[in-house]
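K.L.:
Following this message is one structure expressed as structure tokens.
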Amino acid sequence: MLKSTGIPTQKDLESVIPSKERLAKGPVAIMECFEKIPCNPCYTSCKRGAIKEFEDINDRPQLNVDICNGCGVCISNCPGLAIFVVDESYSETEALVKIPYEFLPLPEEGTYVTGLDREGKPVCRAKVVKVQNAKAQDRTPVVSLAVPKELSMVVRCLSLDDYYSDNTIICRCEEVTLGEIREYIRKGYQTIEEIKRISRCGMGPCQGRTCSQLILEEIAKATGQDVADLKVHTHRQPTLPIKLGLLVGGEDDE
Amino acid sequence: MNKTASVVIIGGGISGCAIAYNLAKKGVKDVVVIEREYLCSGATGRCGAGVRMQWGTEMNCRLAKYSIEFFETANEELEYEYDIEFKQGGYLIIAATEKEVEQFQKNIKLQNSLGIPSRYITPREAKEIVPHMDETQILGAAFNPKDGHLNPFHTTQAYANAAQRLGVEIMKFTEVTGIDVENGKIKGVQTTRGYISTPVVVNAAGGYSQLISKMVGIEMPVFSERHQILVTEPVAPMQGPMFMSFSQNIYCQQTPHGSFIMGRGDPNEPRDLRITSSWDFLEEMAKTCIRLLPPLRELRMVRQWSGLYNMSPDRQPIYGPVKEVEGFYLACGFSGHGFMFGPVTGVVISEAILGEEPTIPVHMLGLDRFEKGELILEPSVV
């Protein structure tokens with residue numbers, strides 16, 4: 001499969017993906033190099049000696065995941081752009097994926113892009129956490145993306161377009177689109193409480209559980225603020241919708 | 001950042017925004033509205049949003065009638081880009097006691113004399129208007145098809161947007177920390193975002209109005225009282241009017257969006273500035289609602305919240321200038337009805353500031369009425 005499409009198979013990948021335990025410990029390089037070619041800069045660039053010395057220059061790299069600390073030096077040194085670093089300890093829900101990216105323009109830190117899989121298909125919205133483009137990268141910049149943890153072994157490239165379009169429904173309860181949210185923000189409704197009141201986002205049965213984070217991110221993006229500095233909306237009881245009949249001692253829902 | 005204004009209005013609810021709009025419409029420049037949080041974050045945005053002409057005093061009937069007639073054309077008049085969602089489905093006020101029957105018949109006579117098309121109806125007629133009610137619980141009802149309810153967020157925003165187009169500055173997320181008075185005259189307002197020199201301050205601070213008056217040394221005989229409310233999931237349209245009872249303690253409306261909003265008063269509610277929510281409210285509210293409107297037991301409530309009634313001794317607003325401080329105007333003490341009086345508040349306060357002949361003679365609603373003992377108690381309040 002790899003030979004005709006350039007896309008590794010599941011079996012190929014299994015041979016290079018470290019154990020769950022190792023991944024949970026923190027950043028580690030993933031050497032997605034499946035072709036025997038005369039090439040060894042990964043070995044020569046690794047100062048820790050985590051990559052085994054090549055007996056034959058045509059060998060594929062052998063990584064000792066216990067020595068590798070995921071520093072990422074090898075990423076820019078790989079002419080085949082075949083090395084990534086994955087940090088599954090990044091946050092509770094997200095993993096950090098470091099990707100070599102040789103296209104222009106480069107994404108900006110703090111913006112949202114679309115995470116692409118190995119076939120180039122969009123799979124998620126991803127935040128650009130860092131863009132490294134120093135002399136050491138030698139024109140192979142490294143982009144760090146925060147992606148949903150379950151996609152840490154899926155996202156391997158990015159597209160600068162936002163994953164969501166103006167038609168994407170942000171509030172499923174009240175069917176409010178991202179385009180509408182963006183328009184409200186442009187018009188000056190720049191806190192989540194104001195957007196809630198003007199658009200009904202967050203007033204439905206889910207009480208903002210799905211939409212509020214997405215809206216906060218849009219506000220942050222549009223106003224240049226850090227999402228962590230934004231006030232979240234007031235959370236009110238009940239957690240789940242309750243029948244009035246139940247409140248007076250009636251039958252529970254199914 | 002220091003600046004100068006001709007009028008500073010404290011409070012970005014319906015009253016403050018309506019006053020600002022009316023002043024600007026009359027050509028007043030440099031009007032500033034100060035709001036501690038976002039627009040309608042206080043009582044306006046927390047209210048049940050019903051508007052009714054069915055009152056027990058002539059004054060309240062006239063104030064409400066004026067306001068509702070404004071709401072009928074507000075989208076156009078304020079050139080609002082969205083919709084204030086005015087649903088003129090009437091108010092059905094049920095009479096559950098003999099005393100209420102008597103009071104309503106008296107009220108309707110008064111209302112009719114003021115051009116309000118309210119009428120007394122039988123339980124059967126009431127059932128035709130609200131088919132899911134238990135008509136055996138009532139002796140009769142008062143109904144006015146011109147009453148209704150609307151969206152308080154959009155209504156406030158409509159006023160605010162129109163005011164801003166006319167040059168009004170709205171300072172959100174700005175708190176008033178003090179008011180300077182010199183020789184009995186208003187001098188300026190201290191805020192968390194700088195000083196504003198101004199000869200005129202309007203206290204439209206809703207549940208916090210007594211704190212603002214205190215800043216100029218005026219103790220008002222008002223207090224704030226928590227009132228609670230809940231909203232259900234949306235369902236297909238089934239209820240036209242606001243359903244209400246004074247003796248049974250309920251108001252309940254279905255918004256155009258489909259959700260039911262209902263609330264009640266409770267004499268044991270805290271009389272401070274707390275806007276927390278209680279479990280007891282849910283239970284009592286659900287009991288009353290299900291007894292009078294049985295099919296609603298199947299509705300799921302999705303959220304509860306509370307807000308402050310700014311209660312005056314006679315449950316009527318406090319309007320106009322005060323004799324103690326020149327340039328200080330009151331638009332407060334609405335006792336739970338500030339939203340529905342919003343349009344008329346905007347008109348009469350702007351007239352008072354500009355020294356114009358009032359559209360409705362509200363001089364009897366001044367603060368000094370409490371000193372003089374000239375109270376006219378409003379009997380019809382939930």
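By convention here, the chains of the structure tokens are called A, B, ... in the order presented, each chain's residues are numbered starting at 1, and ligands are numbered starting at 1 in the order presented.
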Which residues of chain B come within 9 Å of chain A, and what is each one's closest atom pair and distance in Å (one decimal), counting only C-alpha atoms, sorted by chain and residue number, as CSV?
P.N.:
```
residue,atom,partner,partner_atom,distance
B:Tyr38,CA,A:Glu194,CA,6.8
B:Leu39,CA,A:Glu194,CA,7.8
B:Ser41,CA,A:Glu193,CA,8.6
B:Gly45,CA,A:Arg197,CA,8.5
B:Phe153,CA,A:Arg197,CA,6.0
B:His154,CA,A:Ile198,CA,6.6
B:Gln157,CA,A:Ile198,CA,8.5
B:Thr232,CA,A:Pro241,CA,8.0
B:Glu233,CA,A:Pro205,CA,6.4
B:Pro234,CA,A:Gly204,CA,8.4
B:Ser277,CA,A:Gln237,CA,8.3
B:Leu282,CA,A:Leu247,CA,6.9
B:Glu283,CA,A:Leu247,CA,5.5
B:Glu284,CA,A:Val248,CA,8.1
B:Met285,CA,A:Leu244,CA,8.8
B:Ala286,CA,A:Leu244,CA,5.5
B:Lys287,CA,A:Val248,CA,6.0
B:Cys289,CA,A:Leu244,CA,8.6
B:Ile290,CA,A:Gly245,CA,7.4
B:Leu296,CA,A:Leu244,CA,7.2
B:Arg297,CA,A:Gly245,CA,4.3
B:Glu298,CA,A:Lys243,CA,5.8
B:Leu299,CA,A:Lys243,CA,5.3
B:Arg300,CA,A:Lys243,CA,3.9
B:Met301,CA,A:Pro241,CA,5.4
B:Val302,CA,A:Pro241,CA,4.6
B:Arg303,CA,A:Gln237,CA,5.7
B:Gln304,CA,A:Gln237,CA,6.2
B:Trp305,CA,A:Arg236,CA,7.1
```
K.L.:
Which polymer residues have any atom within 7 Å of an atom of B:Cys17, counting only C-alpha atoms, with same-chain residues fewer than 5 positions away left out, as a ChimeraX atom specification?
P.N.:
/B:12,156,159-160
K.L.:
Selection from above, C-alpha atoms, as a PDB file, in the first residue's frame, can you write it?
P.N.:
```pdb
ATOM      1  CA  GLY B  12     -28.028  49.637  31.404  1.00  0.00           C
ATOM      2  CA  THR B 156     -33.133  46.554  25.683  1.00  0.00           C
ATOM      3  CA  TYR B 159     -33.193  50.786  22.596  1.00  0.00           C
ATOM      4  CA  ALA B 160     -29.433  50.687  23.152  1.00  0.00           C
TER       5      ALA B 160
END
```
K.L.:
Find the residues around stretch 191-204 of chain B up to 8 Å (only C-alpha atoms counted), leave out those fewer than 4 positions away in its own chain, and share them as a PDB file with N, CA and C atoms, in the first residue's frame.
P.N.:
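So out_8.pdb came out as:
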```pdb
ATOM      1  N   MET B   1      -9.074  58.104  32.386  1.00  0.00           N
ATOM      2  CA  MET B   1      -9.791  58.750  31.281  1.00  0.00           C
ATOM      3  C   MET B   1     -10.921  59.619  31.849  1.00  0.00           C
ATOM      4  N   ASN B   2     -10.787  60.914  31.735  1.00  0.00           N
ATOM      5  CA  ASN B   2     -11.834  61.808  32.233  1.00  0.00           C
ATOM      6  C   ASN B   2     -12.609  62.394  31.071  1.00  0.00           C
ATOM      7  N   LYS B   3     -13.884  62.665  31.321  1.00  0.00           N
ATOM      8  CA  LYS B   3     -14.682  63.246  30.249  1.00  0.00           C
ATOM      9  C   LYS B   3     -15.832  64.045  30.822  1.00  0.00           C
ATOM     10  N   THR B   4     -16.575  64.668  29.914  1.00  0.00           N
ATOM     11  CA  THR B   4     -17.706  65.494  30.313  1.00  0.00           C
ATOM     12  C   THR B   4     -18.956  64.974  29.625  1.00  0.00           C
ATOM     13  N   ALA B   5     -20.051  64.944  30.359  1.00  0.00           N
ATOM     14  CA  ALA B   5     -21.315  64.512  29.776  1.00  0.00           C
ATOM     15  C   ALA B   5     -22.408  65.489  30.177  1.00  0.00           C
ATOM     16  N   SER B   6     -23.462  65.536  29.375  1.00  0.00           N
ATOM     17  CA  SER B   6     -24.595  66.386  29.765  1.00  0.00           C
ATOM     18  C   SER B   6     -25.512  65.619  30.713  1.00  0.00           C
ATOM     19  N   VAL B   7     -25.625  64.312  30.497  1.00  0.00           N
ATOM     20  CA  VAL B   7     -26.437  63.460  31.374  1.00  0.00           C
ATOM     21  C   VAL B   7     -25.721  62.122  31.539  1.00  0.00           C
ATOM     22  N   VAL B   8     -25.604  61.665  32.773  1.00  0.00           N
ATOM     23  CA  VAL B   8     -25.075  60.316  33.017  1.00  0.00           C
ATOM     24  C   VAL B   8     -26.211  59.470  33.576  1.00  0.00           C
ATOM     25  N   ILE B   9     -26.490  58.374  32.893  1.00  0.00           N
ATOM     26  CA  ILE B   9     -27.549  57.472  33.337  1.00  0.00           C
ATOM     27  C   ILE B   9     -26.893  56.245  33.941  1.00  0.00           C
ATOM     28  N   ILE B  10     -27.244  55.923  35.170  1.00  0.00           N
ATOM     29  CA  ILE B  10     -26.642  54.774  35.835  1.00  0.00           C
ATOM     30  C   ILE B  10     -27.591  53.588  35.711  1.00  0.00           C
ATOM     31  N   GLY B  11     -27.160  52.579  34.955  1.00  0.00           N
ATOM     32  CA  GLY B  11     -27.998  51.393  34.782  1.00  0.00           C
ATOM     33  C   GLY B  11     -28.299  51.135  33.317  1.00  0.00           C
ATOM     34  N   GLY B  12     -27.812  50.001  32.811  1.00  0.00           N
ATOM     35  CA  GLY B  12     -28.028  49.637  31.404  1.00  0.00           C
ATOM     36  C   GLY B  12     -29.122  48.610  31.236  1.00  0.00           C
ATOM     37  N   GLY B  13     -30.224  48.804  31.944  1.00  0.00           N
ATOM     38  CA  GLY B  13     -31.411  47.970  31.716  1.00  0.00           C
ATOM     39  C   GLY B  13     -32.350  48.695  30.781  1.00  0.00           C
ATOM     40  N   SER B  15     -34.805  50.659  31.480  1.00  0.00           N
ATOM     41  CA  SER B  15     -35.073  52.054  31.861  1.00  0.00           C
ATOM     42  C   SER B  15     -33.939  52.955  31.389  1.00  0.00           C
ATOM     43  N   GLY B  16     -32.718  52.600  31.732  1.00  0.00           N
ATOM     44  CA  GLY B  16     -31.569  53.431  31.371  1.00  0.00           C
ATOM     45  C   GLY B  16     -31.459  53.616  29.868  1.00  0.00           C
ATOM     46  N   THR B 174     -18.524  48.876  33.557  1.00  0.00           N
ATOM     47  CA  THR B 174     -18.026  50.060  34.252  1.00  0.00           C
ATOM     48  C   THR B 174     -18.896  50.264  35.487  1.00  0.00           C
ATOM     49  N   GLU B 175     -18.271  50.435  36.634  1.00  0.00           N
ATOM     50  CA  GLU B 175     -19.055  50.566  37.854  1.00  0.00           C
ATOM     51  C   GLU B 175     -18.940  51.981  38.407  1.00  0.00           C
ATOM     52  N   VAL B 176     -20.065  52.496  38.871  1.00  0.00           N
ATOM     53  CA  VAL B 176     -20.056  53.802  39.527  1.00  0.00           C
ATOM     54  C   VAL B 176     -19.582  53.600  40.962  1.00  0.00           C
ATOM     55  N   THR B 177     -18.553  54.360  41.353  1.00  0.00           N
ATOM     56  CA  THR B 177     -18.015  54.190  42.706  1.00  0.00           C
ATOM     57  C   THR B 177     -18.342  55.379  43.597  1.00  0.00           C
ATOM     58  N   GLY B 178     -18.820  56.459  43.005  1.00  0.00           N
ATOM     59  CA  GLY B 178     -19.195  57.609  43.814  1.00  0.00           C
ATOM     60  C   GLY B 178     -19.812  58.692  42.946  1.00  0.00           C
ATOM     61  N   LYS B 185     -25.707  70.478  44.300  1.00  0.00           N
ATOM     62  CA  LYS B 185     -25.855  70.207  42.860  1.00  0.00           C
ATOM     63  C   LYS B 185     -24.939  69.057  42.436  1.00  0.00           C
ATOM     64  N   ILE B 186     -25.411  68.293  41.486  1.00  0.00           N
ATOM     65  CA  ILE B 186     -24.603  67.197  40.943  1.00  0.00           C
ATOM     66  C   ILE B 186     -23.398  67.772  40.201  1.00  0.00           C
ATOM     67  N   LYS B 187     -22.247  67.163  40.474  1.00  0.00           N
ATOM     68  CA  LYS B 187     -21.021  67.692  39.867  1.00  0.00           C
ATOM     69  C   LYS B 187     -20.388  66.665  38.909  1.00  0.00           C
ATOM     70  N   SER B 209     -30.693  50.533  43.176  1.00  0.00           N
ATOM     71  CA  SER B 209     -30.966  51.978  43.160  1.00  0.00           C
ATOM     72  C   SER B 209     -30.747  52.617  44.521  1.00  0.00           C
ATOM     73  N   ILE B 212     -27.191  53.635  44.945  1.00  0.00           N
ATOM     74  CA  ILE B 212     -26.818  54.819  44.165  1.00  0.00           C
ATOM     75  C   ILE B 212     -27.329  56.089  44.853  1.00  0.00           C
ATOM     76  N   SER B 213     -28.587  56.050  45.336  1.00  0.00           N
ATOM     77  CA  SER B 213     -29.132  57.237  46.007  1.00  0.00           C
ATOM     78  C   SER B 213     -28.326  57.573  47.244  1.00  0.00           C
ATOM     79  N   GLY B 327     -30.308  68.128  39.947  1.00  0.00           N
ATOM     80  CA  GLY B 327     -29.681  67.359  38.867  1.00  0.00           C
ATOM     81  C   GLY B 327     -29.707  65.849  39.096  1.00  0.00           C
ATOM     82  N   PHE B 328     -30.337  65.406  40.183  1.00  0.00           N
ATOM     83  CA  PHE B 328     -30.414  63.963  40.460  1.00  0.00           C
ATOM     84  C   PHE B 328     -31.844  63.495  40.205  1.00  0.00           C
ATOM     85  N   TYR B 329     -31.977  62.526  39.306  1.00  0.00           N
ATOM     86  CA  TYR B 329     -33.305  62.050  38.913  1.00  0.00           C
ATOM     87  C   TYR B 329     -33.450  60.565  39.233  1.00  0.00           C
ATOM     88  N   LEU B 330     -34.664  60.186  39.590  1.00  0.00           N
ATOM     89  CA  LEU B 330     -34.912  58.790  39.941  1.00  0.00           C
ATOM     90  C   LEU B 330     -35.784  58.105  38.897  1.00  0.00           C
ATOM     91  N   ALA B 331     -35.435  56.878  38.580  1.00  0.00           N
ATOM     92  CA  ALA B 331     -36.297  56.014  37.755  1.00  0.00           C
ATOM     93  C   ALA B 331     -36.114  54.628  38.364  1.00  0.00           C
ATOM     94  N   CYS B 332     -36.786  54.406  39.492  1.00  0.00           N
ATOM     95  CA  CYS B 332     -36.541  53.160  40.232  1.00  0.00           C
ATOM     96  C   CYS B 332     -37.762  52.785  41.056  1.00  0.00           C
TER      97      CYS B 332
END
```
K.L.:
Show which residues sit within 7 Å of B:Thr44, as a list in words. Count only C-alpha atoms, and ignore same-chain residues fewer than 5 positions away.
P.N.:
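Here the answer would be Gly13, Ile14, Pro152 and Phe339 of chain B.
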K.L.:
Could you check how far atom CA of A:Thr111 sits from atom CA of A:Glu217, in Å to one decimal?
P.N.:
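These two atoms are separated by 9.5 Å.
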K.L.:
Using backbone DSSP assignments, extract all alpha helix (DSSP H) residues from stretch 111-191 of chain A; output them as an MDAnalysis selection string.
P.N.:
chainID A and resid 178:186
K.L.:
Find the residues around A:Pro18 up to 12 Å (only C-alpha atoms counted), leave out those fewer than 4 positions away in its own chain, and share them as a VMD selection string.
P.N.:
chain A and resid 13 to 14 22 to 32 62 to 66 68 85 to 88 153
K.L.:
Output N, CA and C atoms of each residue in that selection to a file, as a PDB file, in the first residue's frame.
P.N.:
```
ATOM      1  N   LEU A  13       2.327   1.219  10.896  1.00  0.00           N
ATOM      2  CA  LEU A  13       2.325   2.161  12.020  1.00  0.00           C
ATOM      3  C   LEU A  13       2.560   1.454  13.348  1.00  0.00           C
ATOM      4  N   GLU A  14       1.955   0.281  13.473  1.00  0.00           N
ATOM      5  CA  GLU A  14       2.109  -0.459  14.726  1.00  0.00           C
ATOM      6  C   GLU A  14       3.579  -0.690  15.060  1.00  0.00           C
ATOM      7  N   ARG A  22       4.436   4.352  27.563  1.00  0.00           N
ATOM      8  CA  ARG A  22       5.468   5.306  27.176  1.00  0.00           C
ATOM      9  C   ARG A  22       4.844   6.622  26.717  1.00  0.00           C
ATOM     10  N   LEU A  23       3.767   6.516  25.948  1.00  0.00           N
ATOM     11  CA  LEU A  23       3.115   7.724  25.432  1.00  0.00           C
ATOM     12  C   LEU A  23       2.580   8.576  26.581  1.00  0.00           C
ATOM     13  N   ALA A  24       2.060   7.917  27.606  1.00  0.00           N
ATOM     14  CA  ALA A  24       1.476   8.656  28.725  1.00  0.00           C
ATOM     15  C   ALA A  24       2.537   9.416  29.507  1.00  0.00           C
ATOM     16  N   LYS A  25       3.783   8.947  29.401  1.00  0.00           N
ATOM     17  CA  LYS A  25       4.854   9.570  30.188  1.00  0.00           C
ATOM     18  C   LYS A  25       5.264  10.945  29.654  1.00  0.00           C
ATOM     19  N   GLY A  26       5.011  11.201  28.361  1.00  0.00           N
ATOM     20  CA  GLY A  26       5.401  12.504  27.827  1.00  0.00           C
ATOM     21  C   GLY A  26       5.898  12.396  26.407  1.00  0.00           C
ATOM     22  N   PRO A  27       6.510  13.482  25.921  1.00  0.00           N
ATOM     23  CA  PRO A  27       6.855  13.565  24.498  1.00  0.00           C
ATOM     24  C   PRO A  27       7.814  12.469  24.034  1.00  0.00           C
ATOM     25  N   VAL A  28       7.565  11.989  22.834  1.00  0.00           N
ATOM     26  CA  VAL A  28       8.414  10.957  22.257  1.00  0.00           C
ATOM     27  C   VAL A  28       8.324  11.066  20.726  1.00  0.00           C
ATOM     28  N   ALA A  29       9.448  10.729  20.081  1.00  0.00           N
ATOM     29  CA  ALA A  29       9.457  10.814  18.612  1.00  0.00           C
ATOM     30  C   ALA A  29       8.760   9.606  18.004  1.00  0.00           C
ATOM     31  N   ILE A  30       8.067   9.845  16.909  1.00  0.00           N
ATOM     32  CA  ILE A  30       7.429   8.760  16.157  1.00  0.00           C
ATOM     33  C   ILE A  30       8.123   8.767  14.782  1.00  0.00           C
ATOM     34  N   MET A  31       8.860   7.714  14.494  1.00  0.00           N
ATOM     35  CA  MET A  31       9.634   7.679  13.254  1.00  0.00           C
ATOM     36  C   MET A  31       8.816   6.957  12.188  1.00  0.00           C
ATOM     37  N   GLU A  32       8.082   7.731  11.384  1.00  0.00           N
ATOM     38  CA  GLU A  32       7.221   7.100  10.384  1.00  0.00           C
ATOM     39  C   GLU A  32       8.008   6.937   9.080  1.00  0.00           C
ATOM     40  N   GLN A  62      16.046   2.916  14.255  1.00  0.00           N
ATOM     41  CA  GLN A  62      15.574   2.144  15.401  1.00  0.00           C
ATOM     42  C   GLN A  62      15.637   3.074  16.617  1.00  0.00           C
ATOM     43  N   LEU A  63      14.476   3.448  17.151  1.00  0.00           N
ATOM     44  CA  LEU A  63      14.426   4.406  18.260  1.00  0.00           C
ATOM     45  C   LEU A  63      14.286   3.682  19.588  1.00  0.00           C
ATOM     46  N   ASN A  64      15.116   4.081  20.547  1.00  0.00           N
ATOM     47  CA  ASN A  64      14.946   3.581  21.910  1.00  0.00           C
ATOM     48  C   ASN A  64      14.058   4.595  22.640  1.00  0.00           C
ATOM     49  N   VAL A  65      12.796   4.233  22.816  1.00  0.00           N
ATOM     50  CA  VAL A  65      11.817   5.205  23.341  1.00  0.00           C
ATOM     51  C   VAL A  65      12.104   5.563  24.796  1.00  0.00           C
ATOM     52  N   ASP A  66      12.896   4.767  25.487  1.00  0.00           N
ATOM     53  CA  ASP A  66      13.192   5.096  26.880  1.00  0.00           C
ATOM     54  C   ASP A  66      14.295   6.149  26.987  1.00  0.00           C
ATOM     55  N   CYS A  68      14.742   8.430  24.310  1.00  0.00           N
ATOM     56  CA  CYS A  68      14.184   9.607  23.621  1.00  0.00           C
ATOM     57  C   CYS A  68      13.356  10.447  24.604  1.00  0.00           C
ATOM     58  N   VAL A  85       6.764  14.354  16.770  1.00  0.00           N
ATOM     59  CA  VAL A  85       6.843  14.130  18.217  1.00  0.00           C
ATOM     60  C   VAL A  85       5.433  14.244  18.761  1.00  0.00           C
ATOM     61  N   VAL A  86       5.056  13.276  19.575  1.00  0.00           N
ATOM     62  CA  VAL A  86       3.720  13.281  20.166  1.00  0.00           C
ATOM     63  C   VAL A  86       3.858  13.337  21.682  1.00  0.00           C
ATOM     64  N   ASP A  87       3.110  14.283  22.303  1.00  0.00           N
ATOM     65  CA  ASP A  87       3.108  14.406  23.764  1.00  0.00           C
ATOM     66  C   ASP A  87       1.681  14.212  24.272  1.00  0.00           C
ATOM     67  N   GLU A  88       1.423  13.019  24.763  1.00  0.00           N
ATOM     68  CA  GLU A  88       0.067  12.732  25.246  1.00  0.00           C
ATOM     69  C   GLU A  88      -0.146  13.211  26.677  1.00  0.00           C
ATOM     70  N   MET A 153      -2.394   9.997  17.007  1.00  0.00           N
ATOM     71  CA  MET A 153      -1.711   9.167  16.013  1.00  0.00           C
ATOM     72  C   MET A 153      -2.390   9.286  14.649  1.00  0.00           C
TER      73      MET A 153
END
```
K.L.:
Which residues are near A:Asp161? Cut-off 9 Å, only C-alpha atoms, ignore same chain within fewer than 4 positions. Put them as number ranges by chain.
P.N.:
A: 112-114, 165
K.L.:
Would you compute the distance between atom CA of B:Lys29 and atom CA of B:Glu351? Give it in Å to one decimal.
P.N.:
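Answer for the atom CA of B:Lys29 to atom CA of B:Glu351 separation: 15.1 Å.
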K.L.:
From a DSSP calculation on the backbone, collect every residue of stretch 34-148 of chain A in strand (DSSP E) and output the set as number ranges by chain.
P.N.:
A: 83-87, 94-100, 112-116, 122-132, 142-148
K.L.:
Pull C-alpha atoms from the residues just selected and write them as a PDB file, in the first residue's frame.
P.N.:
```pdb
ATOM      1  CA  ILE A  83       9.419  12.208  12.044  1.00  0.00           C
ATOM      2  CA  PHE A  84       6.858  13.611  14.469  1.00  0.00           C
ATOM      3  CA  VAL A  85       6.843  14.130  18.217  1.00  0.00           C
ATOM      4  CA  VAL A  86       3.720  13.281  20.166  1.00  0.00           C
ATOM      5  CA  ASP A  87       3.108  14.406  23.764  1.00  0.00           C
ATOM      6  CA  GLU A  94      -5.476  17.024  24.257  1.00  0.00           C
ATOM      7  CA  ALA A  95      -2.186  15.782  22.903  1.00  0.00           C
ATOM      8  CA  LEU A  96       0.536  17.935  21.397  1.00  0.00           C
ATOM      9  CA  VAL A  97       1.711  16.841  17.960  1.00  0.00           C
ATOM     10  CA  LYS A  98       4.862  18.396  16.472  1.00  0.00           C
ATOM     11  CA  ILE A  99       4.792  18.401  12.701  1.00  0.00           C
ATOM     12  CA  PRO A 100       7.415  19.422  10.128  1.00  0.00           C
ATOM     13  CA  TYR A 112      -6.941  27.507  14.935  1.00  0.00           C
ATOM     14  CA  VAL A 113      -6.255  25.380  11.907  1.00  0.00           C
ATOM     15  CA  THR A 114      -7.566  22.107  10.564  1.00  0.00           C
ATOM     16  CA  GLY A 115      -5.743  18.948  11.545  1.00  0.00           C
ATOM     17  CA  LEU A 116      -5.246  16.619   8.549  1.00  0.00           C
ATOM     18  CA  PRO A 122      -9.556  17.056   7.639  1.00  0.00           C
ATOM     19  CA  VAL A 123     -10.154  15.363  10.995  1.00  0.00           C
ATOM     20  CA  CYS A 124     -10.327  18.033  13.679  1.00  0.00           C
ATOM     21  CA  ARG A 125      -9.910  21.597  14.732  1.00  0.00           C
ATOM     22  CA  ALA A 126      -6.444  22.147  16.149  1.00  0.00           C
ATOM     23  CA  LYS A 127      -4.844  25.008  18.002  1.00  0.00           C
ATOM     24  CA  VAL A 128      -1.402  26.160  16.896  1.00  0.00           C
ATOM     25  CA  VAL A 129       0.513  26.170  20.167  1.00  0.00           C
ATOM     26  CA  LYS A 130       3.968  26.910  18.806  1.00  0.00           C
ATOM     27  CA  VAL A 131       5.789  27.533  15.523  1.00  0.00           C
ATOM     28  CA  GLN A 132       9.557  26.888  15.634  1.00  0.00           C
ATOM     29  CA  VAL A 142       8.073  22.676  13.269  1.00  0.00           C
ATOM     30  CA  VAL A 143       4.443  23.399  14.124  1.00  0.00           C
ATOM     31  CA  SER A 144       3.053  22.180  17.462  1.00  0.00           C
ATOM     32  CA  LEU A 145      -0.660  21.436  17.325  1.00  0.00           C
ATOM     33  CA  ALA A 146      -2.951  20.713  20.252  1.00  0.00           C
ATOM     34  CA  VAL A 147      -5.329  18.014  19.026  1.00  0.00           C
ATOM     35  CA  PRO A 148      -7.929  15.791  20.718  1.00  0.00           C
TER      36      PRO A 148
END
```
K.L.:
Do you know which residues are at most 9 Å from B:Glu72 counting only C-alpha atoms, after dropping those on the same chain fewer than 5 positions away, and could you put them as a PyMOL selection string?
P.N.:
chain B and resi 67+86+88
K.L.:
Print the selection's residues with N, CA and C atoms to a file, as a CSV table (one decimal), in the first residue's frame.
P.N.:
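Written output follows (again-v4.csv):
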```csv
chain,number,residue,atom,x,y,z
B,67,SER,N,-46.9,52.2,27.4
B,67,SER,CA,-45.7,51.4,27.0
B,67,SER,C,-46.1,50.3,26.1
B,86,PHE,N,-42.4,40.5,20.3
B,86,PHE,CA,-43.6,40.9,21.1
B,86,PHE,C,-44.8,39.9,20.7
B,88,GLN,N,-48.5,39.4,21.4
B,88,GLN,CA,-49.6,40.1,22.1
B,88,GLN,C,-50.8,39.1,22.2
```
K.L.:
I'd like the interatomic distance between atom CA of B:Met215 and atom CA of B:Ile179, to a tenth of an Å.
P.N.:
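These atoms are spaced 5.8 Å apart.
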